[in-house]
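A.B. asks: You'll find model34.cif just under this line, and it carries mmCIF, C-alpha atoms.
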data_data
loop_
_atom_site.label_atom_id
_atom_site.label_comp_id
_atom_site.auth_asym_id
_atom_site.auth_seq_id
_atom_site.Cartn_x
_atom_site.Cartn_y
_atom_site.Cartn_z
CA MET A 30 -44.88 -28.95 178.32
CA THR A 31 -46.36 -31.88 176.41
CA LEU A 32 -48.48 -34.04 178.64
CA GLN A 33 -47.70 -37.76 178.82
CA HIS A 34 -49.65 -40.04 181.09
CA GLY A 35 -47.49 -43.20 181.01
CA ILE A 36 -43.85 -44.25 180.83
CA THR A 37 -40.85 -42.99 178.86
CA VAL A 38 -38.02 -45.40 178.19
CA THR A 39 -34.66 -43.91 177.23
CA GLU A 40 -32.05 -46.35 175.90
CA VAL A 41 -28.50 -45.62 177.05
CA ALA A 42 -25.22 -47.18 176.04
CA ASN A 43 -23.84 -49.84 178.36
CA GLN A 44 -20.61 -48.46 179.76
CA SER A 45 -19.30 -51.73 181.17
CA ARG A 46 -16.64 -53.55 179.18
CA ALA A 47 -15.98 -57.23 179.41
CA ILE A 48 -12.47 -58.34 180.30
CA ALA A 49 -10.73 -59.66 177.18
CA THR A 50 -8.43 -62.68 177.32
CA ILE A 51 -4.84 -61.80 176.43
CA ALA A 52 -3.14 -63.06 173.27
CA THR A 53 -1.27 -66.27 174.12
CA GLY A 54 0.09 -67.62 170.84
CA VAL A 55 2.94 -65.19 170.12
CA ILE A 56 6.29 -66.95 169.68
CA GLY A 57 9.61 -65.36 170.57
CA PHE A 58 13.01 -66.92 169.92
CA VAL A 59 16.70 -66.16 169.64
CA ALA A 60 18.68 -67.35 166.62
CA THR A 61 21.90 -66.96 164.68
CA ALA A 62 22.07 -66.33 160.94
CA THR A 63 24.69 -65.62 158.31
CA ALA A 64 24.54 -65.04 154.58
CA ALA A 65 26.90 -64.94 151.66
CA ALA A 66 28.68 -61.61 151.27
CA GLY A 67 27.07 -58.86 149.25
CA ALA A 68 23.37 -58.33 148.68
CA ALA A 69 22.36 -61.37 150.76
CA THR A 70 24.16 -60.03 153.83
CA VAL A 71 22.64 -56.58 153.31
CA ALA A 72 19.17 -58.13 153.08
CA LEU A 73 19.75 -60.24 156.19
CA ASN A 74 20.99 -57.29 158.23
CA ALA A 75 18.05 -55.18 157.10
CA ALA A 76 15.47 -57.84 157.90
CA PHE A 77 17.06 -59.04 161.14
CA PRO A 78 19.40 -56.46 162.69
CA LEU A 79 21.53 -57.90 165.48
CA ASP A 80 20.10 -57.85 169.01
CA ARG A 81 16.84 -56.13 168.11
CA PRO A 82 13.39 -57.74 168.40
CA VAL A 83 11.81 -58.09 164.95
CA LEU A 84 8.14 -58.87 164.42
CA VAL A 85 7.54 -61.45 161.70
CA THR A 86 4.02 -61.60 160.28
CA ASP A 87 4.97 -63.02 156.87
CA ILE A 88 6.91 -66.09 157.91
CA LEU A 89 7.50 -67.37 154.37
CA GLY A 90 8.98 -64.02 153.36
CA ALA A 91 11.12 -64.05 156.49
CA ILE A 92 12.49 -67.47 155.56
CA GLU A 93 13.66 -66.07 152.23
CA ALA A 94 15.50 -63.24 153.99
CA SER A 95 17.02 -65.38 156.75
CA GLY A 96 20.32 -66.30 155.10
CA ASN A 97 21.78 -69.79 154.79
CA GLY A 98 23.89 -70.23 157.92
CA GLY A 99 22.99 -70.43 161.58
CA THR A 100 19.72 -71.54 163.16
CA LEU A 101 17.26 -68.90 161.98
CA LYS A 102 16.09 -70.41 158.70
CA GLY A 103 15.57 -73.89 160.13
CA VAL A 104 13.58 -72.60 163.11
CA LEU A 105 11.34 -70.46 160.92
CA ARG A 106 10.68 -73.42 158.62
CA ALA A 107 9.82 -75.67 161.57
CA ILE A 108 7.38 -73.09 162.92
CA ALA A 109 5.87 -72.47 159.49
CA ASP A 110 5.10 -76.18 159.14
CA GLN A 111 2.89 -75.97 162.22
CA VAL A 112 1.23 -72.55 162.32
CA ARG A 113 0.84 -68.99 161.11
CA THR A 114 1.20 -66.69 164.09
CA PRO A 115 3.12 -63.54 165.05
CA VAL A 116 6.77 -64.38 165.73
CA VAL A 117 9.32 -62.17 167.45
CA VAL A 118 12.89 -62.93 166.37
CA VAL A 119 16.08 -61.71 168.02
CA ARG A 120 19.14 -62.45 165.90
CA VAL A 121 22.50 -62.63 167.68
CA ALA A 122 26.06 -63.02 166.50
CA THR A 123 27.88 -66.32 166.77
CA GLY A 124 30.66 -66.14 169.35
CA ALA A 125 34.26 -67.24 168.99
CA ASP A 126 33.35 -70.38 170.95
CA ALA A 127 30.32 -72.00 172.60
CA ALA A 128 30.67 -69.85 175.71
CA GLY A 129 30.81 -66.72 173.57
CA THR A 130 27.69 -67.72 171.69
CA ASP A 131 25.92 -68.50 174.97
CA ALA A 132 26.79 -65.03 176.24
CA ASN A 133 25.41 -63.45 173.06
CA VAL A 134 22.20 -65.48 173.29
CA ILE A 135 21.68 -64.62 176.96
CA GLY A 136 22.44 -60.97 176.25
CA THR A 137 22.70 -57.93 178.48
CA ASP A 138 20.80 -54.82 179.56
CA VAL A 139 23.23 -51.93 179.45
CA GLY A 140 22.32 -48.26 179.32
CA GLY A 141 18.66 -49.09 178.71
CA VAL A 142 19.45 -51.17 175.61
CA LYS A 143 18.74 -54.88 175.76
CA SER A 144 20.51 -57.52 173.70
CA GLY A 145 20.09 -61.26 173.16
CA MET A 146 17.09 -62.84 174.83
CA GLN A 147 16.78 -59.78 177.07
CA ALA A 148 15.45 -58.00 173.96
CA LEU A 149 12.36 -60.22 174.13
CA LEU A 150 11.42 -58.20 177.21
CA ALA A 151 11.34 -55.08 175.02
CA ALA A 152 9.10 -56.62 172.34
CA GLU A 153 5.81 -55.40 173.80
CA ALA A 154 6.97 -51.79 174.04
CA GLN A 155 8.74 -51.82 170.68
CA LEU A 156 6.42 -54.03 168.62
CA GLY A 157 3.09 -54.14 170.45
CA VAL A 158 3.15 -57.89 171.13
CA ARG A 159 4.36 -59.93 174.07
CA PRO A 160 5.99 -63.29 173.25
CA ARG A 161 4.71 -65.99 175.59
CA ILE A 162 6.10 -69.09 173.85
CA ILE A 163 9.87 -68.71 173.87
CA GLY A 164 13.04 -70.61 173.10
CA ALA A 165 16.47 -70.59 171.47
CA PRO A 166 16.34 -73.79 169.37
CA GLY A 167 19.76 -75.21 168.59
CA LEU A 168 21.42 -72.74 170.98
CA ASP A 169 19.86 -73.91 174.24
CA ARG A 170 22.81 -75.23 176.19
CA ALA A 171 22.52 -75.31 179.98
CA ALA A 172 23.37 -71.67 180.70
CA VAL A 173 21.03 -70.47 177.97
CA THR A 174 18.21 -72.70 179.19
CA ALA A 175 18.53 -71.41 182.75
CA ALA A 176 18.37 -67.85 181.44
CA LEU A 177 15.37 -68.67 179.22
CA ALA A 178 13.42 -69.84 182.27
CA ILE A 179 14.07 -66.50 183.96
CA ILE A 180 12.95 -64.55 180.89
CA ALA A 181 9.85 -66.73 180.57
CA ALA A 182 8.89 -65.96 184.16
CA LYS A 183 9.27 -62.22 183.51
CA LEU A 184 7.11 -62.48 180.40
CA ARG A 185 4.66 -64.82 182.14
CA GLY A 186 5.22 -67.31 179.35
CA MET A 187 6.66 -70.78 178.82
CA ALA A 188 10.17 -71.63 177.67
CA TYR A 189 10.87 -74.79 175.69
CA ALA A 190 14.41 -76.16 175.53
CA ALA A 191 16.36 -79.29 174.68
CA ALA A 192 17.06 -81.90 177.32
CA ILE A 193 20.78 -82.50 176.81
CA GLY A 194 22.54 -85.83 177.18
CA ALA A 195 24.13 -88.67 175.26
CA ASN A 196 21.59 -91.17 176.55
CA ARG A 197 18.41 -91.42 178.60
CA ALA A 198 20.24 -91.52 181.95
CA ASP A 199 22.22 -88.38 181.08
CA VAL A 200 19.08 -86.59 179.96
CA ILE A 201 17.25 -87.46 183.19
CA ALA A 202 20.21 -86.26 185.25
CA TYR A 203 20.25 -83.01 183.26
CA ARG A 204 16.54 -82.49 183.93
CA GLY A 205 17.30 -82.69 187.66
CA THR A 206 19.30 -79.46 187.47
CA PHE A 207 16.20 -77.33 186.72
CA THR A 208 13.25 -76.41 188.93
CA ALA A 209 11.38 -73.69 187.01
CA ARG A 210 7.68 -74.10 186.37
CA GLU A 211 8.08 -71.92 183.25
CA LEU A 212 10.37 -74.48 181.56
CA MET A 213 9.59 -77.64 179.59
CA LEU A 214 12.49 -79.85 178.45
CA ILE A 215 12.23 -81.87 175.22
CA TYR A 216 14.13 -84.94 173.99
CA PRO A 217 15.21 -85.97 171.34
CA ASP A 218 14.91 -84.20 167.94
CA PHE A 219 12.95 -85.03 164.79
CA LEU A 220 14.07 -86.15 161.35
CA VAL A 221 12.55 -84.73 158.15
CA ALA A 222 12.10 -86.40 154.77
CA ASP A 223 15.56 -85.54 153.43
CA GLY A 224 17.17 -87.24 156.43
CA SER A 225 18.27 -84.02 158.11
CA THR A 226 17.58 -83.12 161.73
CA SER A 227 14.77 -80.79 162.64
CA LEU A 228 15.01 -79.25 166.09
CA GLY A 229 12.28 -80.63 168.32
CA VAL A 230 12.15 -77.40 170.29
CA ALA A 231 11.44 -75.38 167.13
CA ARG A 232 8.55 -77.71 166.28
CA ALA A 233 7.32 -77.39 169.84
CA LEU A 234 7.17 -73.59 169.58
CA GLY A 235 5.05 -73.76 166.45
CA LEU A 236 2.80 -76.54 167.70
CA ARG A 237 2.23 -74.77 171.02
CA ALA A 238 0.94 -71.72 169.15
CA ARG A 239 -1.26 -73.89 166.90
CA ILE A 240 -2.79 -75.68 169.89
CA ASP A 241 -3.57 -72.28 171.42
CA GLN A 242 -5.40 -71.31 168.23
CA GLU A 243 -7.27 -74.56 167.65
CA GLN A 244 -7.87 -76.08 171.08
CA GLY A 245 -6.96 -73.54 173.75
CA TRP A 246 -4.13 -72.61 176.06
CA ASN A 247 -5.22 -75.14 178.68
CA LYS A 248 -4.50 -78.05 176.30
CA THR A 249 -0.95 -79.28 176.81
CA LEU A 250 1.61 -79.83 174.04
CA SER A 251 1.22 -83.60 174.36
CA ASN A 252 -0.51 -86.05 171.98
CA VAL A 253 -1.05 -83.75 168.98
CA PRO A 254 0.37 -84.75 165.55
CA VAL A 255 3.46 -82.80 164.50
CA VAL A 256 3.59 -81.70 160.85
CA GLY A 257 6.55 -82.24 158.51
CA VAL A 258 8.53 -84.90 160.38
CA VAL A 259 9.23 -88.54 159.57
CA GLY A 260 11.34 -89.95 162.40
CA LEU A 261 13.40 -89.38 165.55
CA THR A 262 17.10 -88.86 166.11
CA LYS A 263 17.09 -91.38 169.01
CA ASP A 264 15.29 -94.68 169.56
CA ILE A 265 12.45 -94.07 172.03
CA GLY A 266 10.65 -97.21 173.11
CA PHE A 267 6.95 -96.65 173.68
CA ASP A 268 4.04 -98.74 174.91
CA LEU A 269 0.85 -97.13 176.18
CA GLN A 270 0.49 -99.86 178.81
CA SER A 271 4.07 -100.06 180.08
CA ILE A 272 5.51 -98.01 182.91
CA ASP A 273 9.00 -99.23 181.92
CA SER A 274 9.04 -97.88 178.36
CA ASP A 275 11.60 -95.23 177.46
CA ALA A 276 8.86 -92.67 176.90
CA ASN A 277 7.24 -93.28 180.27
CA LEU A 278 10.54 -93.16 182.14
CA LEU A 279 11.33 -89.83 180.51
CA ASN A 280 7.86 -88.50 181.34
CA ALA A 281 8.21 -89.67 184.93
CA ALA A 282 11.37 -87.57 185.17
CA GLY A 283 9.53 -84.51 183.84
CA ILE A 284 10.83 -84.65 180.25
CA THR A 285 8.62 -84.38 177.17
CA THR A 286 9.59 -86.85 174.48
CA MET A 287 8.28 -87.94 171.06
CA VAL A 288 6.31 -91.06 170.12
CA ARG A 289 4.40 -92.39 167.14
CA ILE A 290 0.68 -93.13 167.62
CA ASN A 291 -1.65 -94.16 164.79
CA GLY A 292 1.08 -93.37 162.28
CA ALA A 293 1.72 -89.80 163.45
CA LEU A 294 4.67 -88.48 165.44
CA ARG A 295 3.64 -86.52 168.53
CA PHE A 296 5.14 -84.88 171.56
CA TRP A 297 4.41 -87.01 174.63
CA GLY A 298 4.53 -85.36 178.04
CA ASN A 299 2.65 -82.73 180.05
CA ARG A 300 5.12 -81.69 182.71
CA THR A 301 7.22 -78.64 183.44
CA CYS A 302 10.42 -78.58 185.47
CA ALA A 303 8.51 -77.73 188.65
CA ALA A 304 8.67 -80.20 191.54
CA LEU A 305 6.45 -83.24 191.09
CA ASP A 306 4.29 -82.20 194.06
CA SER A 307 3.94 -78.61 192.85
CA ASP A 308 0.59 -77.09 191.85
CA PHE A 309 2.33 -76.17 188.59
CA THR A 310 3.78 -79.48 187.52
CA PHE A 311 1.54 -79.49 184.44
CA GLU A 312 2.24 -77.12 181.56
CA SER A 313 -1.47 -76.26 181.49
CA ALA A 314 -1.51 -75.22 185.16
CA THR A 315 1.44 -72.88 184.69
CA ARG A 316 -0.05 -71.27 181.60
CA THR A 317 -3.47 -70.93 183.25
CA ALA A 318 -1.94 -69.05 186.18
CA GLN A 319 0.00 -66.76 183.87
CA ILE A 320 -2.87 -66.05 181.49
CA LEU A 321 -5.34 -65.40 184.31
CA ALA A 322 -2.94 -62.97 185.98
CA ASP A 323 -2.37 -60.90 182.85
CA THR A 324 -5.97 -61.11 181.67
CA MET A 325 -7.26 -59.75 184.96
CA ALA A 326 -4.58 -57.07 185.31
CA ASN A 327 -4.99 -55.80 181.75
CA GLY A 328 -8.77 -55.96 181.89
CA LEU A 329 -9.06 -54.02 185.13
CA VAL A 330 -6.55 -51.24 184.46
CA ARG A 331 -9.46 -48.92 183.62
CA TYR A 332 -10.39 -48.86 187.31
CA ILE A 333 -7.03 -47.52 188.45
CA ASP A 334 -7.18 -43.95 189.82
CA LYS A 335 -10.97 -43.86 190.00
CA PRO A 336 -12.53 -42.86 193.36
CA LEU A 337 -12.34 -45.83 195.71
CA THR A 338 -15.95 -46.45 196.76
CA PRO A 339 -17.83 -49.60 197.80
CA SER A 340 -19.59 -49.59 194.44
CA LEU A 341 -16.22 -49.58 192.65
CA ALA A 342 -15.15 -52.65 194.64
CA LYS A 343 -18.43 -54.38 193.74
CA ASP A 344 -17.94 -53.55 190.05
CA ILE A 345 -14.44 -55.01 190.06
CA VAL A 346 -15.61 -58.21 191.76
CA GLU A 347 -18.44 -58.61 189.26
CA ASP A 348 -16.14 -57.98 186.26
CA ILE A 349 -13.76 -60.66 187.50
CA ASN A 350 -16.58 -63.12 188.17
CA GLN A 351 -18.07 -62.47 184.75
CA LYS A 352 -14.74 -63.36 183.13
CA LEU A 353 -14.29 -66.40 185.37
CA ARG A 354 -17.77 -67.65 184.44
CA GLU A 355 -16.90 -67.22 180.76
CA LEU A 356 -13.68 -69.20 181.16
CA LYS A 357 -15.52 -71.94 183.05
CA ARG A 358 -18.19 -72.18 180.33
CA GLY A 359 -15.43 -72.40 177.74
CA GLY A 360 -13.79 -75.31 179.54
CA TYR A 361 -10.67 -73.37 180.48
CA LEU A 362 -11.34 -73.65 184.23
CA LEU A 363 -13.12 -76.21 186.37
CA GLY A 364 -14.39 -73.45 188.65
CA ALA A 365 -13.51 -70.04 190.02
CA VAL A 366 -14.89 -67.21 192.15
CA ALA A 367 -13.86 -63.67 193.07
CA PHE A 368 -14.83 -61.94 196.33
CA PHE A 369 -14.13 -59.00 198.60
CA ASP A 370 -12.46 -60.14 201.84
CA PRO A 371 -12.86 -57.56 204.65
CA ASP A 372 -9.92 -59.06 206.57
CA LYS A 373 -7.59 -58.21 203.66
CA ASN A 374 -8.90 -54.66 203.39
CA PRO A 375 -8.32 -52.91 206.74
CA THR A 376 -9.23 -49.25 207.09
CA ALA A 377 -5.58 -48.21 207.05
CA SER A 378 -5.07 -49.80 203.62
CA LEU A 379 -8.27 -48.41 202.13
CA LYS A 380 -7.26 -44.95 203.39
CA GLN A 381 -4.03 -45.29 201.38
CA GLY A 382 -5.95 -46.18 198.22
CA ILE A 383 -5.13 -49.89 198.45
CA LEU A 384 -7.90 -52.35 197.57
CA SER A 385 -7.43 -56.14 197.52
CA ILE A 386 -9.83 -58.42 195.64
CA SER A 387 -9.39 -62.16 196.06
CA TYR A 388 -10.17 -64.87 193.54
CA ARG A 389 -9.72 -68.62 193.58
CA TYR A 390 -9.71 -70.98 190.63
CA THR A 391 -9.13 -74.60 189.69
CA PRO A 392 -7.28 -75.26 186.41
CA THR A 393 -8.13 -78.18 184.14
CA PRO A 394 -5.51 -80.94 184.55
CA PRO A 395 -4.70 -83.15 181.56
CA LEU A 396 -5.96 -86.73 181.56
CA GLU A 397 -2.50 -88.23 181.97
CA HIS A 398 -3.49 -91.73 183.12
CA LEU A 399 -6.67 -93.55 182.11
CA GLY A 400 -7.48 -96.72 184.02
CA LEU A 401 -9.51 -99.40 182.27
CA LEU A 402 -10.84 -102.34 184.31
CA GLN A 403 -10.89 -105.47 182.15
CA GLU A 404 -12.70 -108.50 183.62
CA ILE A 405 -13.29 -111.95 182.17
CA THR A 406 -16.72 -113.40 182.95
CA ASP A 407 -18.90 -116.47 182.30
CA ASP A 408 -22.08 -114.40 182.24
CA TYR A 409 -22.46 -114.52 178.50
CA LEU A 410 -22.26 -118.34 178.45
CA ALA A 411 -25.32 -118.74 180.66
CA ASP A 412 -27.79 -119.01 177.76
CA PHE A 413 -25.40 -120.81 175.41
CA ALA A 414 -27.16 -124.22 175.49
CA ALA A 415 -30.65 -122.81 175.04
CA ILE A 416 -29.60 -120.59 172.17
CA ALA A 417 -27.65 -123.39 170.46
CA ALA A 418 -30.65 -125.75 170.77
CA GLY A 419 -32.92 -123.16 169.29
CA VAL A 420 -35.16 -123.10 172.33
#
Take the structure in this file and express it as structure tokens.
C.D. replies:
Amino acid sequence: MTLQHGITVTEVANQSRAIATIATGVIGFVATATAAAGAATVALNAAFPLDRPVLVTDILGAIEASGNGGTLKGVLRAIADQVRTPVVVVRVATGADAAGTDANVIGTDVGGVKSGMQALLAAEAQLGVRPRIIGAPGLDRAAVTAALAIIAAKLRGMAYAAAIGANRADVIAYRGTFTARELMLIYPDFLVADGSTSLGVARALGLRARIDQEQGWNKTLSNVPVVGVVGLTKDIGFDLQSIDSDANLLNAAGITTMVRINGALRFWGNRTCAALDSDFTFESATRTAQILADTMANGLVRYIDKPLTPSLAKDIVEDINQKLRELKRGGYLLGAVAFFDPDKNPTASLKQGILSISYRYTPTPPLEHLGLLQEITDDYLADFAAIAAGV
């Protein structure tokens, strides 16, 4: 044996793996589309078979294959104006009437095969991505919107839908029929340069994904310029300092609207359809809860089925705290901490292989109201005479 009088250092690989934040900017929507008979119809059916989730990574190519009728082409164009991101499309057939179309959009789950918006629930298994920004622009009547909120909750995502009504009072009354934290209602629509209508919800889907990419998922949809629009389909009065403006009254009712600030049209509103006193009244609070839940679950799955020892519990707590510290440093959380609570881990539960780790967090609320205190004073006249006399 070779003699060494000293120290040997052996470098080993670090086996711990940091928890990765889940992908948040994947859009999923339901649309209708038709094409002229012949090769165009064949191409449309091949690119977007009915009731199947289709992953779009080349959105410009998808626009070319999306036919000329229905909502699909317009929604893809609206999204493309805002962002390049994975998009899951479910194409459905137009019904004989509005109720028939609603039924097709809502879809079914029969014999293990999902149709309509239910097919968005199959996207992760079939395509490898989970849509978290969802809608059915141009098809989102009341029944569809209610179903979208349910699907959004299952996907732990946000649904965006039109607030329906002939006028502001009707729209506010319509908003009162929904209570889901996973739903944001939008009113009215945009106009584009050729004078045609561009669905506000479609623009919202694209902008939401772009904000995720550029600013983060804890930044709300509000007060970010929207690309490719020139006007609104309804007159929305707006004054930053007025609580009686149309925009503020809509916001107070929990409806996101559109305004023009510094020459640019923007969505204006932070609130979901949750109750005004809910912890999840802000879009950012809802998304933070969802993203934290999936990030932690996905990041800790490697611990499942390992021997349940005190050291394992400590490792899990430290992994969660490491991720929470990262999110706090990044400005995604105001603060957070994970801990082992003995009261929630009785011997009987531990014996059954059940471990509970607690964590608490505070999301970042949006600055929705800035107060400025303006005061007139004579202070700066005190030296007027001396200065004027040149003393």
A.B. asks: Taking into account all atoms listed in the file, which residue in the set A:Asp241, A:Glu355, A:Asp138, A:Asp308 is nearest to Gly54 in chain A?
C.D. replies: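 The closest residue to Gly54 in chain A is A:Asp241.
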A.B. asks: Nearest to Ala367 in chain A: which of A:Ala342, A:Leu379, A:Leu184, A:Ala60 is it, counting all atoms listed in the file?
C.D. replies: A:Ala342
A.B. asks: The PyMOL selection byres ((chain A and resi 309-314) around 12) - which residues does that actually catch in the file I just gave you? List them as a VMD selection string.
C.D. replies: chain A and resid 162 186 to 189 208 to 214 237 240 to 241 245 to 251 280 to 285 298 to 308 315 to 321 361 to 363 390 to 397
A.B. asks: For range 191-198 of chain A, find every residue with an atom within 8 Å (counting only C-alpha atoms), except residues of its own chain fewer than 2 positions away, and show them as a PyMOL selection string.
C.D. replies: chain A and resi 166+169-170+189+200-204+214-217+229-230+275+279+284
A.B. asks: Create the file for the chosen residues now, containing C-alpha atoms and written as a compact mmCIF listing (two decimals), in the frame of the given file.
C.D. replies:
# COMPACT_ATOMS: atom_id res chain seq x y z
CA PRO A 166 16.34 -73.79 169.37
CA ASP A 169 19.86 -73.91 174.24
CA ARG A 170 22.81 -75.23 176.19
CA TYR A 189 10.87 -74.79 175.69
CA VAL A 200 19.08 -86.59 179.96
CA ILE A 201 17.25 -87.46 183.19
CA ALA A 202 20.21 -86.26 185.25
CA TYR A 203 20.25 -83.01 183.26
CA ARG A 204 16.54 -82.49 183.93
CA LEU A 214 12.49 -79.85 178.45
CA ILE A 215 12.23 -81.87 175.22
CA TYR A 216 14.13 -84.94 173.99
CA PRO A 217 15.21 -85.97 171.34
CA GLY A 229 12.28 -80.63 168.32
CA VAL A 230 12.15 -77.40 170.29
CA ASP A 275 11.60 -95.23 177.46
CA LEU A 279 11.33 -89.83 180.51
CA ILE A 284 10.83 -84.65 180.25
A.B. asks: Distance CA of Gly328 in chain A-CA of Pro160 in chain A, one decimal place?
C.D. replies: 18.6 Å
A.B. asks: Tell me, in Å to one decimal, how far CA of Leu105 in chain A is from CA of Val59 in chain A.
C.D. replies: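 It comes out at 11.1 Å.
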A.B. asks: As an exercise, work out the distance from CA of Ile386 in chain A to CA of Val330 in chain A in Å and give it to one decimal place.
C.D. replies: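 Separation between CA of Ile386 in chain A and CA of Val330 in chain A: 13.7 Å.
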A.B. asks: Which one is closest to Arg289 in chain A: A:Val112, A:Leu177, A:Leu269, A:Leu234? Count all atoms listed in the file.
C.D. replies: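 Result for the nearest residue to Arg289 in chain A: A:Leu269.
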A.B. asks: With a distance cut-off of 12 Å and all atoms listed in the file, select the neighbouring residues of Asp223 in chain A, excluding the residue or stretch itself and same-chain residues fewer than 5 positions from it, and output the selection as an mmCIF file with C-alpha atoms, in the frame of the given file.
C.D. replies:
data_model
loop_
_atom_site.group_PDB
_atom_site.id
_atom_site.type_symbol
_atom_site.label_atom_id
_atom_site.label_comp_id
_atom_site.auth_asym_id
_atom_site.auth_seq_id
_atom_site.Cartn_x
_atom_site.Cartn_y
_atom_site.Cartn_z
ATOM 1 C CA GLY A 257 6.550 -82.240 158.510
ATOM 2 C CA VAL A 258 8.530 -84.900 160.380
ATOM 3 C CA VAL A 259 9.230 -88.540 159.570
ATOM 4 C CA GLY A 260 11.340 -89.950 162.400
#
A.B. asks: So, counting only C-alpha atoms, which residue among A:Ile48, A:Val83, A:Leu261, A:Ala172 is closest to Phe207 in chain A?
C.D. replies: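 Once distances to Phe207 in chain A are computed over only C-alpha atoms, the minimum belongs to A:Ala172.
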A.B. asks: Applying the PyMOL selection byres ((chain A and resi 352) around 9) to the file I just gave you, which residues come out? Please list them as a list in words.
C.D. replies: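 Here the PyMOL selection byres ((chain A and resi 352) around 9) matches Ala47, Ile48, Ala49, Thr50, Met325, Glu347, Asp348, Ile349, Asn350, Gln351, Leu353, Arg354, Glu355, Leu356 and Lys357 of chain A.
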A.B. asks: Around (8.3, -65.7, 162.2) in the file's own coordinates, what residues are found within 6 Å if you use only C-alpha atoms, given back as a list of chain:residue names?
C.D. replies: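 Final list of nearby residues, as requested, is A:Val85, A:Ile88, A:Leu105, A:Val116.
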A.B. asks: Write out as a PyMOL selection string which residues come within 12 Å of Gln155 in chain A when counting only C-alpha atoms, dropping same-chain ones fewer than 3 positions away.
C.D. replies: chain A and resi 81-84+117+142-143+148-152+158-159
A.B. asks: Quick one: write out the picked residues with C-alpha atoms as a PDB file, keeping the file's coordinate frame?
C.D. replies:
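result12.pdb was written with the following content:
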ATOM      1  CA  ARG A  81      16.840 -56.130 168.110  1.00  0.00           C
ATOM      2  CA  PRO A  82      13.390 -57.740 168.400  1.00  0.00           C
ATOM      3  CA  VAL A  83      11.810 -58.090 164.950  1.00  0.00           C
ATOM      4  CA  LEU A  84       8.140 -58.870 164.420  1.00  0.00           C
ATOM      5  CA  VAL A 117       9.320 -62.170 167.450  1.00  0.00           C
ATOM      6  CA  VAL A 142      19.450 -51.170 175.610  1.00  0.00           C
ATOM      7  CA  LYS A 143      18.740 -54.880 175.760  1.00  0.00           C
ATOM      8  CA  ALA A 148      15.450 -58.000 173.960  1.00  0.00           C
ATOM      9  CA  LEU A 149      12.360 -60.220 174.130  1.00  0.00           C
ATOM     10  CA  LEU A 150      11.420 -58.200 177.210  1.00  0.00           C
ATOM     11  CA  ALA A 151      11.340 -55.080 175.020  1.00  0.00           C
ATOM     12  CA  ALA A 152       9.100 -56.620 172.340  1.00  0.00           C
ATOM     13  CA  VAL A 158       3.150 -57.890 171.130  1.00  0.00           C
ATOM     14  CA  ARG A 159       4.360 -59.930 174.070  1.00  0.00           C
TER      15      ARG A 159
END
